[in-house]
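This is query-v2.cif. It holds mmCIF, C-alpha atoms.
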```cif
data_final
loop_
_atom_site.label_atom_id
_atom_site.label_comp_id
_atom_site.auth_asym_id
_atom_site.auth_seq_id
_atom_site.Cartn_x
_atom_site.Cartn_y
_atom_site.Cartn_z
CA MET A 289 128.10 -20.43 36.31
CA GLN A 290 129.96 -17.35 35.23
CA TYR A 291 133.08 -18.69 36.84
CA PHE A 292 133.00 -21.82 34.77
CA SER A 293 132.48 -20.01 31.51
CA LEU A 294 135.46 -17.87 32.38
CA THR A 295 137.40 -21.02 33.17
CA ALA A 296 136.49 -22.56 29.87
CA ARG A 297 137.45 -19.43 27.99
CA LEU A 298 140.76 -19.17 29.78
CA ILE A 299 141.61 -22.78 29.14
CA ALA A 300 140.63 -22.50 25.51
CA GLY A 301 142.69 -19.32 25.17
CA ALA A 302 145.70 -20.87 26.83
CA PHE A 303 145.63 -23.86 24.54
CA PHE A 304 145.19 -21.76 21.48
CA ALA A 305 148.26 -19.76 22.50
CA LEU A 306 150.19 -22.95 23.19
CA LEU A 307 149.21 -24.53 19.91
CA LEU A 308 150.42 -21.49 18.05
CA GLY A 309 153.75 -21.74 19.77
CA ALA A 310 153.78 -25.52 19.88
CA CYS A 311 157.07 -25.97 18.10
CA ALA A 312 158.68 -23.05 19.88
CA THR A 313 161.75 -24.83 21.15
CA PRO A 314 164.07 -23.86 18.31
CA GLN A 315 167.26 -24.22 20.33
CA THR A 316 166.47 -27.78 21.39
CA GLN A 317 165.55 -28.71 17.82
CA ALA A 318 168.75 -27.23 16.46
CA LEU A 319 170.86 -29.00 19.09
CA LEU A 320 169.27 -32.37 18.50
CA LYS A 321 169.82 -32.00 14.79
CA ASP A 322 173.43 -30.93 15.07
CA LYS A 323 175.20 -31.09 18.42
CA GLY A 324 178.38 -29.58 17.02
CA THR A 325 181.31 -30.26 19.31
CA LEU A 326 179.19 -31.18 22.35
CA PRO A 327 179.53 -34.71 23.69
CA THR A 328 176.27 -36.67 23.74
CA GLN A 329 176.16 -36.75 27.51
CA SER A 330 177.85 -34.97 30.40
CA GLU A 331 177.22 -34.51 34.11
CA LEU A 332 178.94 -32.75 36.99
CA ALA A 333 177.86 -35.38 39.48
CA HIS A 334 179.96 -33.97 42.32
CA THR A 335 178.31 -30.56 42.32
CA PRO A 336 177.13 -29.96 45.88
CA PHE A 337 173.44 -29.69 46.64
CA TYR A 338 171.68 -27.33 49.01
CA PRO A 339 168.00 -28.22 49.25
CA GLN A 340 165.94 -25.08 48.97
CA GLU A 341 164.09 -23.78 52.00
CA ALA A 342 160.86 -21.82 51.49
CA HIS A 343 161.45 -19.28 48.75
CA GLN A 344 165.23 -19.37 48.94
CA CYS A 345 166.07 -20.78 45.52
CA GLY A 346 168.26 -17.73 44.80
CA PRO A 347 170.63 -18.25 47.75
CA ALA A 348 170.52 -22.04 47.29
CA SER A 349 171.45 -21.86 43.60
CA LEU A 350 174.21 -19.34 44.20
CA ALA A 351 175.66 -21.40 47.04
CA THR A 352 175.65 -24.44 44.75
CA ALA A 353 177.51 -22.63 41.97
CA MET A 354 180.00 -20.97 44.32
CA SER A 355 180.77 -24.11 46.27
CA ALA A 356 181.37 -25.95 43.01
CA SER A 357 184.00 -23.29 42.22
CA GLY A 358 185.71 -23.85 45.54
CA VAL A 359 184.14 -21.01 47.57
CA ARG A 360 182.24 -22.83 50.30
CA VAL A 361 179.18 -20.81 51.23
CA ASP A 362 176.05 -21.72 53.09
CA PRO A 363 172.82 -20.44 51.48
CA ALA A 364 171.82 -18.93 54.84
CA GLU A 365 174.85 -16.63 54.63
CA LEU A 366 173.74 -15.35 51.25
CA THR A 367 170.11 -14.74 52.17
CA PRO A 368 170.68 -11.32 53.79
CA GLN A 369 172.43 -10.19 50.59
CA VAL A 370 170.18 -11.55 47.91
CA TYR A 371 166.70 -12.27 49.29
CA ILE A 372 163.81 -9.77 49.24
CA PRO A 373 161.14 -10.71 51.79
CA GLY A 374 158.42 -8.58 50.17
CA ARG A 375 158.92 -10.32 46.83
CA GLU A 376 159.62 -13.73 48.34
CA GLY A 377 162.45 -14.08 45.88
CA SER A 378 165.73 -12.75 44.50
CA LEU A 379 166.44 -10.34 41.66
CA GLN A 380 168.75 -11.20 38.78
CA VAL A 381 170.88 -8.10 39.35
CA GLU A 382 171.40 -9.05 42.99
CA MET A 383 172.38 -12.59 42.02
CA LEU A 384 175.19 -11.03 39.99
CA ALA A 385 176.08 -8.48 42.69
CA THR A 386 176.19 -11.11 45.44
CA THR A 387 178.55 -13.22 43.36
CA ARG A 388 180.90 -10.26 43.04
CA HIS A 389 180.51 -9.53 46.73
CA ARG A 390 182.12 -12.93 47.38
CA GLY A 391 185.09 -12.01 45.19
CA MET A 392 183.99 -13.96 42.13
CA VAL A 393 183.45 -12.84 38.56
CA ALA A 394 179.71 -12.85 37.73
CA TYR A 395 179.51 -13.75 34.06
CA GLN A 396 176.22 -13.69 32.21
CA LEU A 397 176.09 -16.23 29.41
CA ALA A 398 174.83 -15.62 25.90
CA PRO A 399 171.16 -16.68 25.61
CA LYS A 400 172.05 -20.01 24.02
CA LEU A 401 171.20 -23.51 25.20
CA ASN A 402 174.35 -24.69 23.46
CA ASP A 403 176.45 -22.41 25.68
CA VAL A 404 174.81 -23.63 28.89
CA LEU A 405 175.60 -27.23 27.99
CA ALA A 406 179.10 -26.30 26.84
CA GLU A 407 179.85 -24.74 30.24
CA VAL A 408 178.71 -27.93 31.96
CA VAL A 409 181.12 -29.85 29.75
CA GLY A 410 183.80 -27.34 30.73
CA GLY A 411 183.17 -28.10 34.40
CA MET A 412 181.08 -25.09 35.40
CA PRO A 413 177.57 -25.52 36.78
CA VAL A 414 175.25 -22.83 35.36
CA VAL A 415 172.70 -20.83 37.36
CA VAL A 416 169.56 -20.35 35.28
CA LEU A 417 166.34 -18.40 35.80
CA GLN A 418 163.18 -20.20 34.77
CA ASN A 419 159.57 -19.20 34.73
CA LEU A 420 158.04 -22.54 35.61
CA GLY A 421 154.55 -21.19 35.04
CA LEU A 422 153.17 -19.14 32.19
CA ASN A 423 153.67 -15.51 31.31
CA PHE A 424 150.36 -14.48 32.87
CA ALA A 425 150.91 -16.65 35.96
CA PRO A 426 154.65 -16.50 36.46
CA MET A 427 156.53 -18.72 38.85
CA TRP A 428 160.09 -17.51 38.80
CA HIS A 429 162.68 -20.00 39.92
CA TYR A 430 166.47 -20.31 40.01
CA ALA A 431 168.07 -23.69 39.41
CA VAL A 432 171.54 -24.95 38.53
CA ALA A 433 172.22 -26.90 35.34
CA VAL A 434 174.72 -29.67 36.08
CA GLY A 435 174.27 -32.17 33.27
CA TYR A 436 172.46 -33.29 30.15
CA ASP A 437 171.88 -36.23 27.86
CA LEU A 438 171.15 -35.43 24.22
CA LYS A 439 170.21 -38.97 23.37
CA ARG A 440 167.49 -38.97 26.01
CA GLU A 441 166.78 -35.28 25.28
CA GLU A 442 167.16 -34.36 28.93
CA ILE A 443 168.78 -31.76 31.13
CA ILE A 444 169.79 -32.38 34.74
CA LEU A 445 169.32 -29.68 37.37
CA ARG A 446 169.86 -29.03 41.04
CA SER A 447 166.44 -27.54 41.65
CA GLY A 448 164.47 -26.72 44.77
CA LYS A 449 164.32 -29.82 46.92
CA GLU A 450 165.33 -32.14 44.09
CA LYS A 451 168.95 -33.10 43.98
CA ARG A 452 168.79 -34.44 40.47
CA GLN A 453 165.82 -33.07 38.61
CA ILE A 454 165.59 -34.48 35.13
CA LEU A 455 163.62 -32.33 32.69
CA PRO A 456 162.96 -32.90 29.00
CA LEU A 457 165.17 -30.40 27.15
CA LYS A 458 162.05 -29.01 25.50
CA THR A 459 160.34 -28.30 28.82
CA PHE A 460 163.51 -26.69 30.05
CA GLU A 461 163.66 -24.48 26.97
CA TYR A 462 160.03 -23.42 27.45
CA THR A 463 160.59 -22.46 31.07
CA TRP A 464 163.97 -20.86 30.39
CA SER A 465 162.86 -18.86 27.36
CA ARG A 466 160.37 -17.01 29.58
CA SER A 467 163.30 -15.41 31.43
CA ASP A 468 164.82 -14.40 28.08
CA TYR A 469 167.32 -17.24 28.49
CA TRP A 470 169.00 -15.79 31.59
CA ALA A 471 172.05 -17.77 32.75
CA MET A 472 175.12 -16.92 34.79
CA LEU A 473 178.37 -18.37 36.10
CA ALA A 474 180.21 -17.68 39.36
CA LEU A 475 183.86 -17.78 38.36
CA PRO A 476 186.85 -17.76 40.67
CA PRO A 477 189.47 -15.17 39.58
CA GLY A 478 191.64 -16.54 36.79
CA LYS A 479 189.11 -19.04 35.48
CA PHE A 480 187.42 -18.43 32.13
CA PRO A 481 184.06 -19.60 30.83
CA LYS A 482 184.36 -22.07 27.99
CA THR A 483 182.16 -19.83 25.84
CA VAL A 484 183.98 -16.67 26.93
CA GLN A 485 183.67 -13.42 24.99
CA GLU A 486 186.56 -11.04 25.51
CA ASP A 487 184.66 -7.77 26.00
CA LYS A 488 181.98 -9.31 28.16
CA TYR A 489 184.52 -10.98 30.41
CA VAL A 490 186.60 -7.87 30.93
CA ALA A 491 183.47 -5.79 31.60
CA ALA A 492 182.43 -8.37 34.21
CA VAL A 493 185.82 -7.93 35.88
CA ALA A 494 185.38 -4.13 35.81
CA ASP A 495 182.11 -4.69 37.70
CA LEU A 496 184.02 -6.78 40.23
CA GLU A 497 186.48 -3.90 40.66
CA HIS A 498 183.54 -1.52 41.05
CA THR A 499 182.23 -3.71 43.89
CA GLY A 500 185.54 -3.10 45.67
CA LYS A 501 187.04 -6.58 45.34
CA LEU A 502 190.34 -5.16 44.18
CA LYS A 503 192.64 -8.15 44.70
CA GLU A 504 190.30 -10.53 42.95
CA ALA A 505 189.71 -8.05 40.14
CA GLN A 506 193.44 -7.55 39.70
CA LYS A 507 194.05 -11.27 39.49
CA SER A 508 191.31 -11.55 36.89
CA TYR A 509 192.71 -8.66 34.84
CA SER A 510 196.14 -10.33 34.85
CA ALA A 511 194.61 -13.58 33.67
CA ALA A 512 192.70 -11.71 30.96
CA LEU A 513 195.94 -10.13 29.78
CA THR A 514 197.66 -13.48 29.38
CA ARG A 515 194.76 -14.48 27.17
CA TRP A 516 194.26 -11.16 25.35
CA PRO A 517 197.55 -9.29 25.84
CA HIS A 518 196.36 -6.07 24.17
CA ASN A 519 193.00 -5.57 25.83
CA LEU A 520 192.89 -1.89 26.81
CA THR A 521 190.22 -2.21 29.50
CA ALA A 522 192.16 -4.97 31.24
CA GLN A 523 195.39 -2.95 31.05
CA ILE A 524 193.71 0.13 32.55
CA GLY A 525 191.92 -2.04 35.11
CA LEU A 526 195.20 -3.63 36.18
CA GLY A 527 196.64 -0.15 36.68
CA ASN A 528 193.58 1.22 38.47
CA THR A 529 193.38 -1.67 40.93
CA ALA A 530 197.10 -1.29 41.69
CA TYR A 531 196.65 2.48 42.07
CA THR A 532 193.70 2.10 44.44
CA MET A 533 195.71 -0.37 46.52
CA LYS A 534 198.49 2.25 46.63
CA ASP A 535 200.92 0.21 44.52
CA LEU A 536 202.10 3.17 42.44
CA LYS A 537 204.96 1.26 40.78
CA GLY A 538 202.62 -1.48 39.66
CA ALA A 539 200.12 1.09 38.42
CA GLU A 540 202.82 2.96 36.52
CA ALA A 541 203.97 -0.22 34.77
CA ALA A 542 200.41 -1.09 33.75
CA PHE A 543 199.64 2.39 32.41
CA ARG A 544 202.96 2.53 30.53
CA ARG A 545 202.11 -0.74 28.87
CA ALA A 546 198.63 0.55 28.01
CA SER A 547 199.96 3.80 26.56
CA LYS A 548 202.52 1.93 24.47
CA ASP A 549 199.92 -0.55 23.17
CA HIS A 550 197.25 2.08 22.66
CA PRO A 551 198.97 5.38 21.85
CA ASP A 552 195.55 6.88 21.15
CA SER A 553 194.11 6.19 24.62
CA ALA A 554 193.71 9.39 26.60
CA ALA A 555 192.74 7.29 29.64
CA ALA A 556 196.10 5.50 29.62
CA PHE A 557 198.11 8.75 29.46
CA ASN A 558 195.89 10.56 31.95
CA ASN A 559 196.16 7.82 34.54
CA LEU A 560 199.89 7.49 33.92
CA ALA A 561 200.22 11.24 34.52
CA GLN A 562 198.29 11.04 37.78
CA THR A 563 200.35 8.07 38.96
CA LEU A 564 203.61 9.90 38.22
CA TYR A 565 202.25 13.00 39.94
CA ASP A 566 201.59 10.99 43.08
CA GLN A 567 205.22 9.91 42.99
CA LYS A 568 206.19 13.60 42.78
CA ARG A 569 207.71 13.07 39.33
CA TYR A 570 206.08 16.22 38.03
CA HIS A 571 208.10 16.71 34.82
CA GLU A 572 207.38 13.22 33.54
CA ALA A 573 203.78 13.61 34.67
CA ARG A 574 203.45 16.79 32.63
CA VAL A 575 204.62 15.06 29.44
CA ALA A 576 202.02 12.32 29.89
CA ALA A 577 199.25 14.76 30.77
CA GLN A 578 200.03 16.93 27.74
CA LYS A 579 199.78 13.88 25.56
CA ALA A 580 196.41 13.01 27.14
CA VAL A 581 195.09 16.52 26.54
CA SER A 582 196.31 16.49 22.93
CA LEU A 583 194.34 13.29 22.31
CA GLY A 584 191.13 15.09 23.27
CA GLY A 585 187.98 13.01 23.06
CA PRO A 586 185.35 12.42 25.72
CA LEU A 587 187.91 12.42 28.53
CA SER A 588 189.50 15.77 27.70
CA ALA A 589 187.96 17.53 30.71
CA ALA A 590 189.62 15.03 33.06
CA SER A 591 192.94 15.29 31.22
CA LYS A 592 192.90 19.08 31.39
CA GLU A 593 192.27 18.93 35.11
CA THR A 594 195.19 16.56 35.58
CA LEU A 595 197.47 18.83 33.58
CA GLN A 596 196.39 21.93 35.50
CA GLN A 597 197.12 20.21 38.78
CA ILE A 598 200.61 19.31 37.58
CA GLU A 599 201.30 22.80 36.21
CA LYS A 600 200.30 24.23 39.56
CA LYS A 601 202.84 22.06 41.36
CA LEU A 602 205.55 22.87 38.82
CA GLY A 603 204.78 26.57 39.12
CA LYS A 604 205.40 26.40 42.86
CA THR A 605 208.68 24.53 42.77
CA MET B 1188 160.87 34.71 41.57
CA LYS B 1189 160.07 31.96 43.98
CA SER B 1190 160.80 29.22 41.48
CA ALA B 1191 164.16 30.77 40.66
CA PHE B 1192 165.01 30.63 44.33
CA PHE B 1193 163.98 27.00 44.61
CA ARG B 1194 165.91 26.12 41.51
CA GLN B 1195 168.98 27.62 43.13
CA VAL B 1196 168.36 25.68 46.32
CA SER B 1197 167.82 22.44 44.48
CA ARG B 1198 171.01 23.00 42.51
CA VAL B 1199 172.93 23.43 45.73
CA LEU B 1200 171.28 20.32 47.13
CA VAL B 1201 172.13 18.26 44.08
CA VAL B 1202 175.74 19.37 44.15
CA SER B 1203 176.07 18.59 47.83
CA MET B 1204 174.49 15.17 47.31
CA LEU B 1205 176.91 14.49 44.50
CA GLY B 1206 179.74 15.19 46.87
CA LEU B 1207 178.27 12.92 49.51
CA SER B 1208 177.84 9.74 47.61
CA LEU B 1209 180.35 9.43 44.83
CA PRO B 1210 180.62 5.79 43.82
CA MET B 1211 183.67 3.75 44.60
CA SER B 1212 186.36 4.82 42.18
CA PRO B 1213 190.09 5.38 42.26
CA ALA B 1214 190.96 7.66 45.13
CA GLN B 1215 191.17 10.83 43.07
CA ALA B 1216 188.77 12.35 40.64
CA LYS B 1217 191.55 12.79 38.11
CA MET B 1218 191.85 9.07 37.47
CA VAL B 1219 189.76 7.66 34.65
CA SER B 1220 187.88 4.65 35.99
CA THR B 1221 187.97 1.25 34.33
CA ASP B 1222 184.20 1.41 33.81
CA GLU B 1223 184.68 4.48 31.65
CA VAL B 1224 187.17 2.62 29.49
CA ALA B 1225 185.04 -0.50 29.29
CA ALA B 1226 181.95 1.41 28.22
CA PRO B 1227 183.05 4.84 27.03
CA ALA B 1228 180.45 7.53 27.66
CA PRO B 1229 179.89 10.42 25.29
CA ALA B 1230 181.73 13.66 25.99
CA ARG B 1231 181.33 15.17 29.43
CA THR B 1232 178.40 17.37 28.63
CA PRO B 1233 175.52 18.67 30.71
CA GLU B 1234 173.63 15.65 29.36
CA GLN B 1235 176.15 13.31 30.97
CA GLN B 1236 175.98 15.20 34.24
CA ARG B 1237 172.24 14.82 34.21
CA GLU B 1238 172.77 11.13 33.54
CA HIS B 1239 174.97 10.93 36.60
CA ILE B 1240 172.36 12.60 38.78
CA ARG B 1241 169.68 10.36 37.34
CA ALA B 1242 171.77 7.30 38.23
CA MET B 1243 172.17 8.58 41.75
CA LEU B 1244 168.48 9.20 42.21
CA ALA B 1245 167.76 5.73 40.81
CA ARG B 1246 170.10 4.32 43.45
CA GLN B 1247 168.18 6.06 46.22
CA ASP B 1248 164.93 4.88 44.70
CA VAL B 1249 166.07 1.26 44.69
CA GLN B 1250 167.35 1.60 48.23
CA ALA B 1251 163.99 2.92 49.46
CA GLY B 1252 162.14 0.30 47.41
CA LEU B 1253 164.09 -2.57 48.96
CA VAL B 1254 163.38 -1.32 52.47
CA LYS B 1255 159.69 -1.17 51.57
CA GLN B 1256 159.95 -4.79 50.41
CA GLY B 1257 161.20 -5.81 53.81
CA VAL B 1258 164.97 -5.79 53.36
CA ASP B 1259 166.86 -5.01 56.56
CA PRO B 1260 167.58 -1.24 56.47
CA ALA B 1261 171.03 -1.88 57.95
CA ALA B 1262 171.98 -4.11 55.01
CA VAL B 1263 170.30 -2.21 52.24
CA LYS B 1264 173.00 0.36 51.54
CA SER B 1265 175.76 -2.16 50.98
CA ARG B 1266 173.42 -4.21 48.80
CA VAL B 1267 172.64 -1.29 46.55
CA ASP B 1268 176.29 -0.18 46.53
CA SER B 1269 177.20 -3.59 45.11
CA LEU B 1270 175.08 -2.90 42.04
CA THR B 1271 176.52 -1.14 39.01
CA ASP B 1272 174.75 1.93 37.58
CA ASP B 1273 173.48 -0.21 34.76
CA GLU B 1274 172.03 -2.80 37.12
CA VAL B 1275 170.38 -0.09 39.22
CA SER B 1276 168.68 1.38 36.17
CA GLN B 1277 167.41 -2.08 35.21
CA VAL B 1278 165.33 -2.36 38.39
CA SER B 1279 164.70 1.24 39.43
CA GLY B 1280 160.98 1.96 39.59
CA LYS B 1281 160.20 -1.67 38.76
CA LEU B 1282 161.08 -3.48 41.97
CA ASP B 1283 157.63 -5.00 42.19
CA GLN B 1284 157.54 -6.16 38.57
CA VAL B 1285 160.95 -7.52 37.61
CA PRO B 1286 161.34 -11.29 38.01
CA ALA B 1287 162.22 -12.39 41.52
CA GLY B 1288 163.10 -16.06 41.48
CA GLY B 1289 161.60 -17.71 44.53
CA GLU B 1290 158.86 -20.03 43.42
CA ILE B 1291 155.69 -18.42 44.67
CA LEU B 1292 152.53 -20.27 44.00
CA GLU B 1293 149.33 -18.33 44.58
CA ILE B 1294 146.99 -19.37 41.85
CA LEU B 1295 143.33 -19.68 41.20
CA LEU B 1296 141.66 -22.93 40.43
CA THR B 1297 141.37 -21.92 36.78
CA ILE B 1298 145.02 -21.34 36.39
CA PHE B 1299 145.71 -24.48 38.40
CA ILE B 1300 143.90 -26.54 35.79
CA VAL B 1301 145.67 -24.80 32.92
CA LEU B 1302 149.05 -25.28 34.53
CA LEU B 1303 148.32 -28.90 35.33
CA ILE B 1304 147.59 -29.61 31.69
CA THR B 1305 150.50 -27.56 30.40
CA ASP B 1306 152.74 -29.40 32.85
CA ILE B 1307 151.62 -32.69 31.42
CA LEU B 1308 152.25 -31.40 27.91
CA GLY B 1309 155.73 -30.37 28.97
CA PHE B 1310 155.32 -26.64 28.42
CA THR B 1311 155.66 -25.85 32.12
CA LYS B 1312 156.98 -27.53 35.28
CA VAL B 1313 154.95 -26.22 38.20
CA PHE B 1314 154.03 -29.40 40.03
CA HIS B 1315 156.35 -32.03 41.37
CA PHE B 1316 153.97 -34.89 40.70
CA THR B 1317 153.61 -34.31 36.96
CA ARG B 1318 155.50 -36.27 34.36
CA SER B 1319 155.31 -34.78 30.92
CA ILE B 1320 154.32 -36.84 27.91
CA ARG B 1321 156.75 -36.70 24.99
#
```

Produce structure tokens that represent the structure in this file.
Amino acid sequence: MQYFSLTARLIAGAFFALLLGACATPQTQALLKDKGTLPTQSELAHTPFYPQEAHQCGPASLATAMSASGVRVDPAELTPQVYIPGREGSLQVEMLATTRHRGMVAYQLAPKLNDVLAEVVGGMPVVVLQNLGLNFAPMWHYAVAVGYDLKREEIILRSGKEKRQILPLKTFEYTWSRSDYWAMLALPPGKFPKTVQEDKYVAAVADLEHTGKLKEAQKSYSAALTRWPHNLTAQIGLGNTAYTMKDLKGAEAAFRRASKDHPDSAAAFNNLAQTLYDQKRYHEARVAAQKAVSLGGPLSAASKETLQQIEKKLGKT
Amino acid sequence: MKSAFFRQVSRVLVVSMLGLSLPMSPAQAKMVSTDEVAAPAPARTPEQQREHIRAMLARQDVQAGLVKQGVDPAAVKSRVDSLTDDEVSQVSGKLDQVPAGGEILEILLTIFIVLLITDILGFTKVFHFTRSIR
């Protein structure tokens, strides 16, 4: 008896909540009203499909996105890196980290439906996190957006065991909004998202460098610099990856370019000084280090240390 | 007296831990890392040092949490090392709450009915056999 009254109350409550938010698919509405530059329909029909086993939608979705970018991976290989048995699922941060682990740039999209569809048009399948249930009974699920049709108001996903799941755009927006519109790309080095934002892209490459994928990070920095020739982070990153791989000449060239482009960057002069020091060119190193120290700022402690180290060497010789 | 002693000991411990597990960065401490240029931190102050220690402790917390959740202890270190400080802080202390995509369905009859109806209305997509009305 009590159980049923609780049931009734819950159902009533749920519907009340839903009614309040009944027209809460603003992005779909906006898109259907004005699709901007998007074509009416698009589909990446050749995107591979890995049917999900048990709770492995994380590995399956990642494998789908990676394989589409030319890095053939079996979901089973990704499971030990991205799956958490106790949670029977995969965390968003580990989806990003695992992508980097495979030498790819993990790029998180802006929370816009328009951007997801635009990436599909640009040839990139998009990994999305959905809550297929409701906020109080969540059912978190990763899928890969591979197509859409605005006329039919549909999105096409590789999802679970369904190779071509067709969802009404509205339903997709409901389920996707519950993850705060989380979406990511797995990009091979040198390839840019269609909706790329300069700072976000370069920061994603810095994360790739942080993961230790130096060659891939370096290639991505170079590509970023052809697109945005004056980006300081990419210039420093190019130098740092070269330095870590013991290519001192390459590092020197990158830091010189950075210091010329950004004469107010203490980081550029400090790292140039250290690179010259490693080549035993202490006098030149001192000039660069002095410049770094004179620029002050948050890095001044590091610059002072570099200068002291050089002075010590010069004092000895 | 005693607490002063322990504070000293803990300081020594913290410093030695710092030395043990510095994150991957250019070979020498004198290089400024790309991360620091991408997201400049405020001046190197005691506050920032504390931040660094906090990040390290968060890393250990996540590592222990993952093992508790059944991740292979042999793989856990490299998994956590792959995360950036920012990513670690996003999940530290919340490993059992943050979304874990995997499609787990353990629901009561009540919620089953609600979800069935919401599926049909197109607000959710829990069941394979539902087709939403438009």

I'd like the residues picked by the PyMOL selection byres ((chain A and resi 343-353) around 8) written out as an NGL selection string, using the chain letters and numbers from the file.
(:A and (335-342 or 354-357 or 360-364 or 366-367 or 370-371 or 376-378 or 383 or 387 or 412-415 or 429-432 or 446-448 or 473-474)) or (:B and (1288-1291))

Which residues match the PyMOL selection byres ((chain A and resi 569-583) around 8) in the file above, as an NGL selection string?
:A and (552-558 or 560-568 or 584-585 or 588 or 591-592 or 594-595 or 598-599 or 601-602)

Atoms to include: C-alpha atoms. Write the selected residues as a short mmCIF file (atom, residue, chain, number, x, y, z; two decimals), in the coordinates of the input.
```
data_model
loop_
_atom_site.label_atom_id
_atom_site.label_comp_id
_atom_site.auth_asym_id
_atom_site.auth_seq_id
_atom_site.Cartn_x
_atom_site.Cartn_y
_atom_site.Cartn_z
CA ASP A 552 195.55 6.88 21.15
CA SER A 553 194.11 6.19 24.62
CA ALA A 554 193.71 9.39 26.60
CA ALA A 555 192.74 7.29 29.64
CA ALA A 556 196.10 5.50 29.62
CA PHE A 557 198.11 8.75 29.46
CA ASN A 558 195.89 10.56 31.95
CA LEU A 560 199.89 7.49 33.92
CA ALA A 561 200.22 11.24 34.52
CA GLN A 562 198.29 11.04 37.78
CA THR A 563 200.35 8.07 38.96
CA LEU A 564 203.61 9.90 38.22
CA TYR A 565 202.25 13.00 39.94
CA ASP A 566 201.59 10.99 43.08
CA GLN A 567 205.22 9.91 42.99
CA LYS A 568 206.19 13.60 42.78
CA GLY A 584 191.13 15.09 23.27
CA GLY A 585 187.98 13.01 23.06
CA SER A 588 189.50 15.77 27.70
CA SER A 591 192.94 15.29 31.22
CA LYS A 592 192.90 19.08 31.39
CA THR A 594 195.19 16.56 35.58
CA LEU A 595 197.47 18.83 33.58
CA ILE A 598 200.61 19.31 37.58
CA GLU A 599 201.30 22.80 36.21
CA LYS A 601 202.84 22.06 41.36
CA LEU A 602 205.55 22.87 38.82
#
```

Which residues would end up in the selection if the PyMOL selection byres ((chain A and resi 507) around 10) were applied here, given that I need the answer as a ChimeraX atom specification?
/A:476-478,493,502-506,508-513,526,529

To one decimal in Å, tell me the separation between atom CA of A:Thr316 and atom CA of A:Ile444.
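Straight-line distance from atom CA of A:Thr316 to atom CA of A:Ile444 works out to 14.5 Å.
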
Length of the atom CA of A:Ala494 to atom CA of B:Val1224 vector [Å]:
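A separation of 9.4 Å between them.
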
Of the residues A:Pro426, A:Pro368, A:Pro481, A:Gly410, which is the one nearest to A:Thr386, using all atoms listed in the file?
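Counting all atoms listed in the file, the residue closest to A:Thr386 is A:Pro368.
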
How far is it from atom CA of B:Val1254 to atom CA of A:Met427, in Å with one decimal?
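We find that atom CA of B:Val1254 and atom CA of A:Met427 lie 23.1 Å from each other.
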
If we draw a sphere of 12 Å around (194.5, 0.3, 29.2), which residues have at least one atom in it when counting only C-alpha atoms? Please report them as an NGL selection string.
(:A and (490 or 509 or 513 or 517-529 or 539-560)) or (:B and (1219-1225))

Within 12 Å of (156.5, -34.9, 42.3) in the file's own coordinates, which protein, DNA or RNA residues have an atom, counting only C-alpha atoms? List them as a list in words.
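All residues meeting the 12 Å criterion around (156.5, -34.9, 42.3) are Gly448, Lys449, Glu450, Gln453 and Ile454 of chain A; Asp1306, Lys1312, Val1313, Phe1314, His1315, Phe1316, Thr1317, Arg1318 and Ser1319 of chain B.
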
Hey, which of A:Val416, A:Leu326, A:Met533, A:Ile443 ends up closest to A:Leu384? Count only C-alpha atoms.
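The answer is A:Val416, which sits nearest to A:Leu384.
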
Measuring between only C-alpha atoms, which one of A:Phe424, A:Tyr462, A:Trp470, A:Tyr436 shows the shortest distance to chain B?
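With only C-alpha atoms as the atom set, the closest residue is A:Tyr462.
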